[in-house]
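Shown next: query-v5.cif, given as mmCIF, C-alpha atoms (C1' of nucleotides).
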```cif
data_input
loop_
_atom_site.label_atom_id
_atom_site.label_comp_id
_atom_site.auth_asym_id
_atom_site.auth_seq_id
_atom_site.Cartn_x
_atom_site.Cartn_y
_atom_site.Cartn_z
CA MET S 1 246.67 81.17 -30.53
CA SER S 2 247.01 84.77 -29.55
CA TRP S 3 249.88 86.84 -28.23
CA LEU S 4 248.20 86.60 -24.86
CA TYR S 5 248.44 82.83 -25.01
CA GLN S 6 252.15 83.00 -25.87
CA ARG S 7 252.87 85.40 -23.07
CA GLN S 8 251.02 83.31 -20.52
CA ARG S 9 252.91 80.29 -21.69
CA LYS S 10 256.21 82.00 -20.93
CA THR S 11 255.19 83.30 -17.54
CA ALA S 12 253.83 79.91 -16.62
CA LYS S 13 257.08 78.28 -17.58
CA LYS S 14 259.06 80.80 -15.60
CA ARG S 15 256.90 80.46 -12.51
CA LEU S 16 256.65 76.73 -12.40
CA GLY S 17 259.96 75.74 -13.90
CA HIS S 18 258.78 72.35 -15.08
CA PRO S 19 257.57 73.03 -18.58
CA THR S 20 256.63 69.49 -19.46
CA SER S 21 254.41 68.96 -16.46
CA TRP S 22 250.73 68.51 -17.11
CA ARG S 23 250.16 70.99 -14.30
CA MET S 24 251.66 73.73 -16.36
CA VAL S 25 249.66 72.70 -19.36
CA ASN S 26 246.56 73.20 -17.33
CA LEU S 27 247.61 76.71 -16.43
CA LEU S 28 247.51 77.44 -20.12
CA HIS S 29 243.78 76.87 -20.31
CA LEU S 30 242.98 80.52 -20.22
CA ARG S 31 239.61 79.43 -18.98
CA TRP S 32 239.11 78.64 -15.34
CA ILE S 33 235.50 78.01 -14.61
CA CYS S 34 236.00 79.00 -10.98
CA LYS S 35 237.12 82.48 -12.07
CA ASP S 36 234.12 83.16 -14.27
CA GLN S 37 231.93 85.95 -13.05
CA ARG S 38 228.39 85.65 -14.21
CA PRO S 39 225.70 88.26 -14.18
CA ILE S 40 222.74 87.62 -11.95
CA GLY S 41 219.36 87.14 -13.56
CA PRO S 42 217.77 84.56 -15.79
CA CYS S 43 219.80 82.68 -18.35
CA VAL S 44 218.74 83.41 -21.92
CA ASN S 45 219.78 79.90 -22.90
CA GLN S 46 217.97 78.11 -20.11
CA ASP S 47 216.12 75.79 -22.51
CA ILE S 48 219.47 74.53 -23.79
CA VAL S 49 220.77 74.07 -20.26
CA ASP S 50 217.68 72.06 -19.33
CA GLU S 51 217.94 69.73 -22.32
CA LEU S 52 221.65 69.14 -21.79
CA ASN S 53 220.97 68.38 -18.17
CA LYS S 54 218.59 65.63 -19.24
CA LEU S 55 221.45 64.14 -21.22
CA VAL S 56 223.61 64.37 -18.10
CA GLY S 57 220.95 62.41 -16.22
CA ILE S 58 221.05 59.64 -18.80
CA HIS S 59 224.82 59.29 -18.78
CA GLU S 60 225.04 59.42 -15.00
CA SER S 61 223.00 56.25 -14.74
CA ARG S 62 224.99 54.26 -17.26
CA LEU S 63 228.66 54.77 -16.55
CA GLY S 64 229.99 52.43 -19.18
CA GLY S 65 233.50 53.82 -19.18
CA ASP S 66 233.26 57.05 -21.13
CA ASP S 67 229.97 58.17 -19.68
CA LYS S 68 231.62 59.50 -16.54
CA TRP S 69 233.71 61.93 -18.56
CA LYS S 70 230.85 62.85 -20.82
CA VAL S 71 228.94 63.89 -17.74
CA LEU S 72 231.83 66.07 -16.59
CA GLN S 73 232.20 67.63 -20.02
CA TYR S 74 228.49 68.34 -20.42
CA ARG S 75 228.55 70.05 -17.04
CA LYS S 76 231.47 72.23 -18.03
CA ALA S 77 229.68 73.10 -21.25
CA ILE S 78 226.55 73.96 -19.29
CA SER S 79 228.60 76.23 -17.06
CA SER S 80 229.83 78.14 -20.12
CA ILE S 81 226.36 78.36 -21.59
CA ARG S 82 224.91 79.71 -18.36
CA LYS S 83 227.31 82.61 -18.27
CA GLU S 84 226.77 83.48 -21.94
CA THR S 85 224.55 86.57 -22.01
CA ALA S 86 223.64 86.39 -25.69
CA ARG S 87 221.12 83.96 -27.09
CA ILE S 88 222.93 81.17 -28.92
CA THR S 89 221.81 81.11 -32.53
CA SER S 90 224.58 79.51 -34.55
CA LEU S 91 226.81 76.49 -34.57
CA SER S 92 229.99 78.54 -34.59
CA GLN S 93 228.79 80.68 -31.73
CA ALA S 94 228.08 77.54 -29.71
CA GLN S 95 231.40 75.95 -30.55
CA GLY S 96 233.18 79.11 -29.49
CA LEU S 97 232.18 78.51 -25.88
CA PHE S 98 234.81 76.91 -23.67
CA GLY S 99 233.94 73.27 -23.14
CA VAL S 100 231.61 73.10 -26.12
CA GLY S 101 233.00 71.09 -28.99
CA LYS S 102 231.54 69.99 -32.28
CA LYS S 103 229.24 67.32 -30.93
CA THR S 104 227.77 69.38 -28.14
CA ALA S 105 227.45 72.38 -30.45
CA THR S 106 225.48 70.26 -32.88
CA LYS S 107 223.17 69.15 -30.08
CA ILE S 108 222.75 72.76 -28.99
CA MET S 109 221.64 73.73 -32.48
CA GLU S 110 219.17 70.86 -32.49
CA ILE S 111 217.70 72.24 -29.29
CA VAL S 112 217.60 75.77 -30.63
CA GLU S 113 215.80 74.63 -33.77
CA ASN S 114 213.61 71.79 -32.47
CA GLY S 115 213.60 72.21 -28.71
CA LYS S 116 215.06 68.72 -28.27
CA THR S 117 217.80 66.33 -29.35
CA LYS S 118 217.41 63.07 -31.21
CA ARG S 119 220.00 61.53 -28.94
CA LEU S 120 217.88 62.12 -25.86
CA GLU S 121 214.72 60.85 -27.56
CA TYR S 122 216.57 57.74 -28.62
CA GLU S 123 218.08 57.11 -25.21
CA GLU S 124 214.81 57.66 -23.40
CA GLN S 125 213.03 54.98 -25.37
CA LEU S 126 215.69 52.37 -24.55
CA ASP S 127 214.60 49.94 -21.90
CA ASP S 128 218.04 49.63 -20.30
CA THR S 129 218.46 53.38 -20.03
CA ARG S 130 215.11 53.78 -18.34
CA VAL S 131 215.59 50.87 -15.94
CA CYS S 132 219.17 51.76 -15.00
CA LYS S 133 218.07 55.29 -14.25
CA LEU S 134 215.27 53.93 -12.07
CA PHE S 135 217.65 51.65 -10.14
CA SER S 136 220.51 54.07 -9.72
CA ALA S 137 218.14 56.57 -8.18
CA ILE S 138 218.10 54.27 -5.16
CA TYR S 139 220.51 55.62 -2.56
CA GLY S 140 223.59 53.41 -2.54
CA VAL S 141 222.96 51.98 -5.97
CA GLY S 142 225.29 53.23 -8.69
CA PRO S 143 225.59 52.57 -12.41
CA ARG S 144 227.48 49.36 -11.87
CA LEU S 145 224.91 47.65 -9.72
CA ALA S 146 222.01 49.05 -11.74
CA TRP S 147 223.45 47.54 -14.90
CA GLN S 148 224.16 44.27 -13.13
CA TRP S 149 220.56 44.04 -11.95
CA TYR S 150 219.29 44.86 -15.42
CA GLN S 151 221.33 42.03 -16.85
CA LEU S 152 219.94 39.68 -14.23
CA GLY S 153 216.49 40.47 -15.60
CA LEU S 154 215.23 42.91 -12.98
CA ARG S 155 213.03 45.66 -14.36
CA THR S 156 211.06 47.25 -11.52
CA LEU S 157 211.56 48.41 -7.96
CA GLN S 158 209.23 45.60 -6.97
CA ASP S 159 211.69 43.12 -8.48
CA VAL S 160 214.39 44.64 -6.28
CA ARG S 161 212.20 44.56 -3.17
CA GLU S 162 211.46 40.89 -3.72
CA GLY S 163 215.13 40.12 -4.12
CA LYS S 164 214.55 38.66 -7.56
CA ALA S 165 217.46 36.71 -9.03
CA GLY S 166 218.86 36.53 -5.53
CA VAL S 167 219.93 40.18 -5.31
CA LYS S 168 221.00 41.29 -1.88
CA LEU S 169 220.79 44.82 -0.52
CA THR S 170 223.08 46.55 1.92
CA PRO S 171 221.40 48.25 4.90
CA ALA S 172 221.84 51.67 3.27
CA GLN S 173 220.33 50.46 0.01
CA ARG S 174 217.38 48.98 1.88
CA ILE S 175 216.72 52.36 3.46
CA GLY S 176 217.12 54.05 0.10
CA LEU S 177 214.57 51.73 -1.45
CA GLU S 178 212.15 52.06 1.44
CA HIS S 179 212.08 55.85 1.06
CA TYR S 180 212.58 55.93 -2.67
CA ASP S 181 209.84 58.42 -3.47
CA ASP S 182 210.67 60.91 -0.74
CA LEU S 183 214.34 60.87 -1.62
CA GLN S 184 213.70 61.89 -5.23
CA LEU S 185 212.23 65.16 -4.02
CA ARG S 186 213.90 68.44 -3.23
CA MET S 187 212.64 70.39 -0.26
CA PRO S 188 211.77 74.07 0.00
CA ARG S 189 214.73 75.94 1.52
CA GLU S 190 212.42 77.06 4.32
CA GLU S 191 212.03 73.46 5.43
CA ALA S 192 215.77 72.98 5.46
CA GLY S 193 216.02 76.12 7.53
CA VAL S 194 213.51 74.93 10.09
CA ILE S 195 215.12 71.52 10.51
CA PHE S 196 218.51 73.19 10.82
CA GLY S 197 217.14 75.54 13.47
CA ARG S 198 215.96 72.60 15.59
CA ILE S 199 219.27 70.82 15.28
CA LYS S 200 221.20 73.95 16.08
CA GLU S 201 219.18 74.48 19.23
CA ILE S 202 219.86 70.96 20.42
CA ALA S 203 223.55 71.25 19.59
CA LEU S 204 223.93 74.55 21.39
CA ALA S 205 222.32 73.02 24.44
CA ILE S 206 225.20 70.57 24.45
CA ASP S 207 227.80 73.31 23.98
CA PRO S 208 226.82 76.96 23.45
CA GLU S 209 230.17 77.75 21.87
CA LEU S 210 229.60 75.49 18.87
CA ASP S 211 229.52 77.08 15.44
CA LEU S 212 226.97 75.52 13.04
CA GLN S 213 226.24 76.37 9.44
CA LEU S 214 223.81 75.06 6.87
CA MET S 215 225.75 74.37 3.71
CA GLY S 216 225.26 73.11 0.16
CA SER S 217 222.50 74.47 -2.01
CA TYR S 218 221.00 76.27 0.99
CA ARG S 219 224.10 78.38 1.43
CA ARG S 220 224.14 79.03 -2.30
CA GLY S 221 220.73 80.59 -1.83
CA GLN S 222 218.74 78.17 -3.94
CA PRO S 223 214.98 78.14 -3.48
CA ASN S 224 215.01 74.39 -2.85
CA CYS S 225 217.54 71.93 -1.52
CA GLY S 226 218.32 68.33 -2.37
CA ASP S 227 219.60 67.60 1.11
CA ILE S 228 220.60 69.13 4.42
CA ASP S 229 224.28 69.63 4.90
CA ILE S 230 225.39 70.81 8.34
CA LEU S 231 228.91 71.84 9.27
CA ILE S 232 229.95 71.99 12.91
CA THR S 233 233.04 73.33 14.59
CA ARG S 234 234.02 75.15 17.75
CA PRO S 235 236.54 77.95 18.32
CA ASP S 236 239.38 76.41 20.31
CA MET S 237 240.94 79.56 21.73
CA ASP S 238 239.67 78.70 25.18
CA GLY S 239 241.48 75.42 25.02
CA ARG S 240 238.35 73.37 24.47
CA THR S 241 237.05 71.67 21.34
CA HIS S 242 233.97 69.95 19.99
CA LYS S 243 235.53 66.54 20.58
CA GLY S 244 232.78 64.02 21.13
CA ILE S 245 229.99 66.19 19.75
CA MET S 246 228.74 63.40 17.48
CA ARG S 247 228.53 61.00 20.38
CA LYS S 248 226.13 63.34 22.15
CA LEU S 249 224.34 65.01 19.27
CA LEU S 250 223.32 62.00 17.20
CA PRO S 251 221.45 60.18 19.98
CA ALA S 252 219.77 63.46 20.99
CA LEU S 253 218.54 63.99 17.44
CA HIS S 254 217.31 60.42 17.22
CA GLU S 255 215.43 60.82 20.45
CA LYS S 256 213.59 63.87 19.15
CA ASP S 257 212.73 61.91 15.99
CA ILE S 258 214.59 64.44 13.86
CA LEU S 259 217.05 61.80 12.72
CA THR S 260 215.19 58.73 11.53
CA LYS S 261 217.73 56.47 9.80
CA ASP S 262 221.50 56.17 9.73
CA LEU S 263 223.18 55.55 6.40
CA SER S 264 226.75 55.75 7.58
CA MET S 265 228.42 56.68 10.82
CA PRO S 266 231.70 58.49 11.50
CA HIS S 267 234.62 56.09 11.87
CA ASP S 268 235.29 57.69 15.24
CA LEU S 269 232.53 59.47 17.13
CA ASP S 270 235.12 61.37 19.16
CA ASP S 271 237.22 62.65 16.29
CA LEU S 272 237.27 66.39 15.65
CA GLU S 273 236.71 65.47 12.04
CA ALA S 274 233.69 63.24 11.63
CA LYS S 275 231.06 62.65 9.00
CA TYR S 276 227.55 61.36 9.57
CA MET S 277 225.06 60.53 6.81
CA GLY S 278 221.42 59.71 7.37
CA LEU S 279 217.77 60.62 6.97
CA CYS S 280 215.77 63.16 8.89
CA ARG S 281 212.34 64.75 8.87
CA LEU S 282 210.47 67.78 10.10
CA GLY S 283 207.87 65.77 11.98
CA PRO S 284 205.95 62.49 11.90
CA ASP S 285 204.13 63.59 8.73
CA GLY S 286 207.13 65.16 7.10
CA LYS S 287 208.93 63.76 4.08
CA MET S 288 212.17 61.89 4.66
CA ARG S 289 215.16 64.05 3.75
CA ARG S 290 218.82 63.27 3.27
CA ILE S 291 221.06 64.82 5.86
CA ASP S 292 224.82 65.01 6.34
CA ILE S 293 226.35 66.29 9.54
CA LEU S 294 230.04 67.07 9.50
CA ALA S 295 232.34 68.05 12.33
CA VAL S 296 235.57 69.75 11.31
CA PRO S 297 238.54 71.07 13.28
CA TYR S 298 238.32 74.80 13.85
CA ALA S 299 241.55 75.34 11.92
CA SER S 300 240.03 74.03 8.70
CA TRP S 301 236.73 75.91 8.92
CA GLY S 302 237.33 78.02 5.81
CA ALA S 303 238.42 75.13 3.63
CA ALA S 304 235.44 73.12 4.82
CA LEU S 305 233.05 76.00 4.09
CA LEU S 306 234.51 76.27 0.62
CA TYR S 307 234.20 72.60 -0.08
CA PHE S 308 230.72 72.01 1.32
CA THR S 309 229.29 75.07 -0.37
CA GLY S 310 230.18 73.81 -3.83
CA ASP S 311 228.89 73.50 -6.36
CA ASP S 312 230.61 70.44 -7.69
CA ILE S 313 231.97 71.99 -10.86
CA PHE S 314 233.17 75.07 -9.00
CA ASN S 315 235.05 72.90 -6.49
CA ARG S 316 236.70 70.79 -9.13
CA SER S 317 237.79 73.85 -11.00
CA MET S 318 239.27 75.39 -7.84
CA ARG S 319 241.15 72.19 -7.08
CA LEU S 320 242.45 71.88 -10.58
CA LEU S 321 243.61 75.50 -10.45
CA ALA S 322 245.31 74.88 -7.11
CA SER S 323 247.00 71.84 -8.53
CA SER S 324 248.19 73.81 -11.56
CA LYS S 325 249.84 76.32 -9.26
CA GLY S 326 251.67 73.62 -7.37
CA TYR S 327 249.19 73.51 -4.51
CA SER S 328 246.71 70.92 -3.43
CA LEU S 329 243.26 71.87 -2.19
CA ASN S 330 241.00 69.66 -0.13
CA GLN S 331 238.33 70.07 2.56
CA ARG S 332 241.04 70.60 5.17
CA GLY S 333 243.04 73.33 3.51
CA LEU S 334 245.29 74.57 0.78
CA TYR S 335 248.65 72.83 0.85
CA LYS S 336 252.00 73.41 -0.78
CA ASN S 337 254.68 70.86 -1.58
CA VAL S 338 252.35 67.92 -1.62
CA VAL S 339 254.10 64.97 -3.16
CA ARG S 340 252.18 62.39 -5.12
CA ASP S 341 253.36 59.23 -6.71
CA PRO S 342 253.49 60.34 -10.35
CA LYS S 343 252.15 56.99 -11.45
CA THR S 344 249.27 56.34 -9.08
CA ARG S 345 248.72 60.00 -8.12
CA VAL S 346 248.52 58.83 -4.53
CA LYS S 347 249.73 61.33 -1.97
CA THR S 348 253.01 60.35 -0.31
CA VAL S 349 253.76 63.64 1.49
CA THR S 350 251.02 65.75 3.06
CA GLY S 351 252.78 69.02 2.38
CA THR S 352 252.63 72.33 4.23
CA LEU S 353 249.38 74.01 5.13
CA ILE S 354 249.14 77.41 3.44
CA ALA S 355 245.57 78.49 4.21
CA SER S 356 242.45 77.01 5.75
CA ARG S 357 241.03 79.43 8.31
CA THR S 358 238.85 81.45 5.93
CA GLU S 359 237.47 81.09 2.43
CA GLU S 360 238.80 84.54 1.56
CA ASP S 361 242.39 83.45 2.21
CA ILE S 362 242.06 80.56 -0.20
CA PHE S 363 240.44 82.61 -2.95
CA ALA S 364 243.16 85.25 -2.58
CA ILE S 365 246.10 82.85 -2.75
CA LEU S 366 244.67 81.14 -5.79
CA GLY S 367 244.02 84.49 -7.45
CA VAL S 368 240.32 83.84 -7.80
CA PRO S 369 238.10 86.91 -7.43
CA TRP S 370 235.91 86.62 -4.37
CA GLN S 371 232.47 85.21 -5.04
CA GLU S 372 229.55 84.96 -2.68
CA PRO S 373 228.14 81.45 -2.30
CA ALA S 374 225.20 82.32 -4.56
CA GLN S 375 227.62 83.16 -7.35
CA ARG S 376 229.37 79.79 -7.18
CA ARG S 377 226.63 78.03 -9.09
CA ARG S 378 228.06 76.58 -12.26
CA ALA S 379 225.88 73.71 -13.39
CA LYS S 380 222.16 73.66 -12.77
"C1'" DA J 381 247.36 59.98 -25.89
"C1'" DG J 382 245.88 60.71 -21.78
"C1'" DG J 383 244.07 63.96 -18.35
"C1'" DC J 384 239.67 65.30 -16.31
"C1'" DT J 385 239.28 66.88 -7.59
"C1'" DG J 386 240.26 64.71 -3.68
"C1'" DT J 387 238.56 62.05 0.18
"C1'" DA J 388 235.73 58.71 3.19
"C1'" DC J 389 232.77 54.83 4.21
"C1'" DT J 390 230.97 49.97 3.23
"C1'" DG J 391 231.30 45.28 2.28
"C1'" DC P 392 239.84 46.61 -3.72
"C1'" DA P 393 235.43 48.10 -6.26
"C1'" DG P 394 231.60 50.71 -5.72
"C1'" DT P 395 229.19 54.61 -4.05
"C1'" DA P 396 228.74 59.13 -2.32
"C1'" DC P 397 229.88 63.94 -1.21
"C1'" DG C 398 233.02 64.68 -24.67
"C1'" DC C 399 236.61 68.16 -24.81
"C1'" DC C 400 241.17 69.91 -24.20
"C1'" DT C 401 246.28 70.29 -24.75
"C1'" DT R 402 240.61 36.39 13.49
"C1'" DA R 403 242.69 40.56 12.04
"C1'" DA R 404 244.86 43.06 8.62
"C1'" DT R 405 244.85 44.63 4.00
"C1'" DG R 406 243.28 46.40 -0.45
"C1'" DC L 407 233.76 42.10 -0.09
"C1'" DA L 408 237.95 38.76 -1.17
"C1'" DT L 409 242.40 37.66 -0.05
"C1'" DT L 410 246.11 36.77 3.05
"C1'" DA L 411 248.48 34.91 6.91
#
```
If you convert what's in this file into structure tokens, what do you get?
Amino acid sequence: MSWLYQRQRKTAKKRLGHPTSWRMVNLLHLRWICKDQRPIGPCVNQDIVDELNKLVGIHESRLGGDDKWKVLQYRKAISSIRKETARITSLSQAQGLFGVGKKTATKIMEIVENGKTKRLEYEEQLDDTRVCKLFSAIYGVGPRLAWQWYQLGLRTLQDVREGKAGVKLTPAQRIGLEHYDDLQLRMPREEAGVIFGRIKEIALAIDPELDLQLMGSYRRGQPNCGDIDILITRPDMDGRTHKGIMRKLLPALHEKDILTKDLSMPHDLDDLEAKYMGLCRLGPDGKMRRIDILAVPYASWGAALLYFTGDDIFNRSMRLLASSKGYSLNQRGLYKNVVRDPKTRVKTVTGTLIASRTEEDIFAILGVPWQEPAQRRRAK
DNA sequence: AGGCTGTACTG
DNA sequence: CAGTAC
DNA sequence: GCCT
DNA sequence: TAATG
DNA sequence: CATTA
């Protein structure tokens, strides 16, 4: 490649000192999706993005080995396409985008010329594709179970409800099935805001020093949200914490009929770090909405904000970048000197905390230009 | 050829 | 652990 | 499916 | 039954 | 959950 590539290769080697490591190799991707700055405004290739996203939907529901990675790759390609300001008109132009190879480029040209891809048309007419997509849209049902049910001869949600072929549901899956239609919908961001406001009021009545934020697609400024994602912490400078907040808050929310169903509970209601997942609604006539409530230690507020703001592709790119620089990034912070078993990649040493208090710290250390939440949208 | 984020809950 | 989810 |  | 994966 | 003790 270019002189730039060669130079980066040398500096990377010098900095990291372990030239054969895959981490260094990753530093040589001159393309870090998390560093991309995209102009605001409509995407001139939105039709392509939309069609590729349909393909993503298909592969998500049938994870037969390679599909998982196809999904990731399509998403990376979509991210590149979204930040391209010129209309894509040729195969070579498409293939020049990072993450777009020959096969995706060919599909892109099909979309440009015909508005659709044969692959999608073919997939959509397949019975197993359609049925697996239907099943895996049930909360708690993934590609594996969907495929298993298909092979057992189930074809409709009614079959599942009746427990045909002796299929058993977990409590969470039963709830997912019961509210299937509601849970396919996104809600207007205003609704998310109102529900959040109610919850915040109740939480602050428990402890006025709590800090609550509405995360996910709401924080990214999207006009509608797939779920409600609430982060809770409490400044601990006065020697107190939010310990036990879940124990008080969850029953209070149930009592007000804001929370309606529990999908999973925190392992310890008194832990400073606790994760609740469930369903909620605006009122008796409101649609059921997915909600996650997360308590995090004050010290990891920034890392938690970063993680729960997303989006998915942005997060993965940040973590990969961190990893390439010898760090490890998770929802608790940015760490150095983490040791993983090279074989299993399982962490054996936690490492030293480098940053976690603010998002800005983490961006700065990783050398990623600051981006407002709304600019962190990669796939869509 | 082999990587592709890193973690938590359920059964 | 496998599966699912975030 | 794409990348090194 | 409790611990483990 | 299945396996183990």
Practice task
In Å, rounded to a single decimal, give me how far atom CA of S:Ala303 is from atom CA of S:Leu250.
Solution key: 24.2 Å
Could you please tell me, as an mmCIF file with C-alpha atoms, in the frame of the given file, which residues of chain S have an atom within 8 Å of chain C when using only C-alpha atoms (C1' of nucleotides)?
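Just written: result-v5.cif:
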```cif
data_model
loop_
_atom_site.group_PDB
_atom_site.id
_atom_site.type_symbol
_atom_site.label_atom_id
_atom_site.label_comp_id
_atom_site.auth_asym_id
_atom_site.auth_seq_id
_atom_site.Cartn_x
_atom_site.Cartn_y
_atom_site.Cartn_z
ATOM 1 C CA VAL S 25 249.660 72.700 -19.360
ATOM 2 C CA ASN S 26 246.560 73.200 -17.330
ATOM 3 C CA TRP S 69 233.710 61.930 -18.560
ATOM 4 C CA LYS S 70 230.850 62.850 -20.820
ATOM 5 C CA GLN S 73 232.200 67.630 -20.020
ATOM 6 C CA TYR S 74 228.490 68.340 -20.420
ATOM 7 C CA GLY S 99 233.940 73.270 -23.140
ATOM 8 C CA VAL S 100 231.610 73.100 -26.120
ATOM 9 C CA GLY S 101 233.000 71.090 -28.990
ATOM 10 C CA LYS S 103 229.240 67.320 -30.930
ATOM 11 C CA THR S 104 227.770 69.380 -28.140
#
```
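For chain J, the residues within 7 Å of chain S are DT385, DG386 and DC389 of chain J, with all atoms listed in the file used to measure distance.
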Problem - Explicit residue set for the PyMOL selection byres ((chain S) within 10 of (chain P)), as a PyMOL selection string - result: chain S and resi 139-145+277+292+307-308+312
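Residues selected in this file by the PyMOL selection byres ((chain S and resi 229) around 8) comprise S:Leu214, S:Met215, S:Gly216, S:Asp227, S:Ile228, S:Ile230, S:Leu231, S:Ile291, S:Asp292, S:Ile293, S:Leu294, S:Phe308.
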Exercise for the section: Take atom CA of S:Glu372 and atom CA of S:Arg332 and report the distance between them in Å, one decimal. Expected result: 20.0 Å
Could you tell me which residues the PyMOL selection byres ((chain R and resi 402-405) around 9) returns for this structure, as a short mmCIF file (atom, residue, chain, number, x, y, z; two decimals) with C-alpha atoms (C1' of nucleotides), in the coordinates of the input?
```cif
data_model
loop_
_atom_site.label_atom_id
_atom_site.label_comp_id
_atom_site.auth_asym_id
_atom_site.auth_seq_id
_atom_site.Cartn_x
_atom_site.Cartn_y
_atom_site.Cartn_z
"C1'" DG R 406 243.28 46.40 -0.45
"C1'" DT L 409 242.40 37.66 -0.05
"C1'" DT L 410 246.11 36.77 3.05
#
```
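In this model, the gap between atom CA of S:Asn337 and atom CA of S:Gly351 comes to 4.8 Å.
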Exercise for the section: Counting only C-alpha atoms (C1' of nucleotides), note down every residue that has an atom within 8 Å of the point (228.6, 41.6, -1.2) (file coordinates), as a ChimeraX atom specification. Expected result: /S:168 /J:391 /L:407
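Within 12 Å of S:Glu255, once all atoms listed in the file are used and residues closer than 6 positions along the same chain are dropped, the contacting residues are S:Ile199, S:Ile202, S:Lys248, S:Leu249, S:Lys261, S:Cys280.
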Hey, can I get the axis-aligned box for chain L? All listed atoms, 8 Å padding on each side, centre and edge lengths in Å to one decimal, as AutoDock Vina command-line options.
```
--center_x 241.1 --center_y 38.5 --center_z 2.9 --size_x 30.7 --size_y 23.2 --size_z 24.1
```
Please, can stretch 259-274 of chain S be completed to N, CA and C atoms and returned as a tab-separated table (two decimals), in the coordinates of the input?
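Contents of result_30.tsv, freshly written:
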```
chain	number	residue	atom	x	y	z
S	259	LEU	N	216.35	62.83	13.49
S	259	LEU	CA	217.05	61.80	12.72
S	259	LEU	C	216.19	60.55	12.76
S	260	THR	N	216.03	59.92	11.58
S	260	THR	CA	215.19	58.73	11.53
S	260	THR	C	215.97	57.47	11.14
S	261	LYS	N	216.94	57.64	10.26
S	261	LYS	CA	217.73	56.47	9.80
S	261	LYS	C	219.18	56.88	9.63
S	262	ASP	N	220.08	55.95	9.96
S	262	ASP	CA	221.50	56.17	9.73
S	262	ASP	C	221.94	55.46	8.45
S	263	LEU	N	222.63	56.18	7.61
S	263	LEU	CA	223.18	55.55	6.40
S	263	LEU	C	224.64	55.17	6.60
S	264	SER	N	225.38	56.10	7.21
S	264	SER	CA	226.75	55.75	7.58
S	264	SER	C	227.19	56.61	8.76
S	265	MET	N	228.00	56.02	9.59
S	265	MET	CA	228.42	56.68	10.82
S	265	MET	C	229.89	57.11	10.70
S	266	PRO	N	230.29	58.10	11.49
S	266	PRO	CA	231.70	58.49	11.50
S	266	PRO	C	232.54	57.32	11.97
S	267	HIS	N	233.77	57.22	11.46
S	267	HIS	CA	234.62	56.09	11.87
S	267	HIS	C	234.94	56.22	13.35
S	268	ASP	N	235.00	57.46	13.83
S	268	ASP	CA	235.29	57.69	15.24
S	268	ASP	C	234.41	58.82	15.76
S	269	LEU	N	233.49	58.48	16.63
S	269	LEU	CA	232.53	59.47	17.13
S	269	LEU	C	233.20	60.59	17.92
S	270	ASP	N	234.44	60.37	18.34
S	270	ASP	CA	235.12	61.37	19.16
S	270	ASP	C	236.16	62.17	18.38
S	271	ASP	N	236.24	61.91	17.10
S	271	ASP	CA	237.22	62.65	16.29
S	271	ASP	C	236.72	64.07	16.06
S	272	LEU	N	237.66	65.01	15.97
S	272	LEU	CA	237.27	66.39	15.65
S	272	LEU	C	236.76	66.48	14.22
S	273	GLU	N	237.21	65.53	13.41
S	273	GLU	CA	236.71	65.47	12.04
S	273	GLU	C	235.87	64.21	11.91
S	274	ALA	N	234.59	64.39	11.68
S	274	ALA	CA	233.69	63.24	11.63
S	274	ALA	C	232.54	63.52	10.69
```
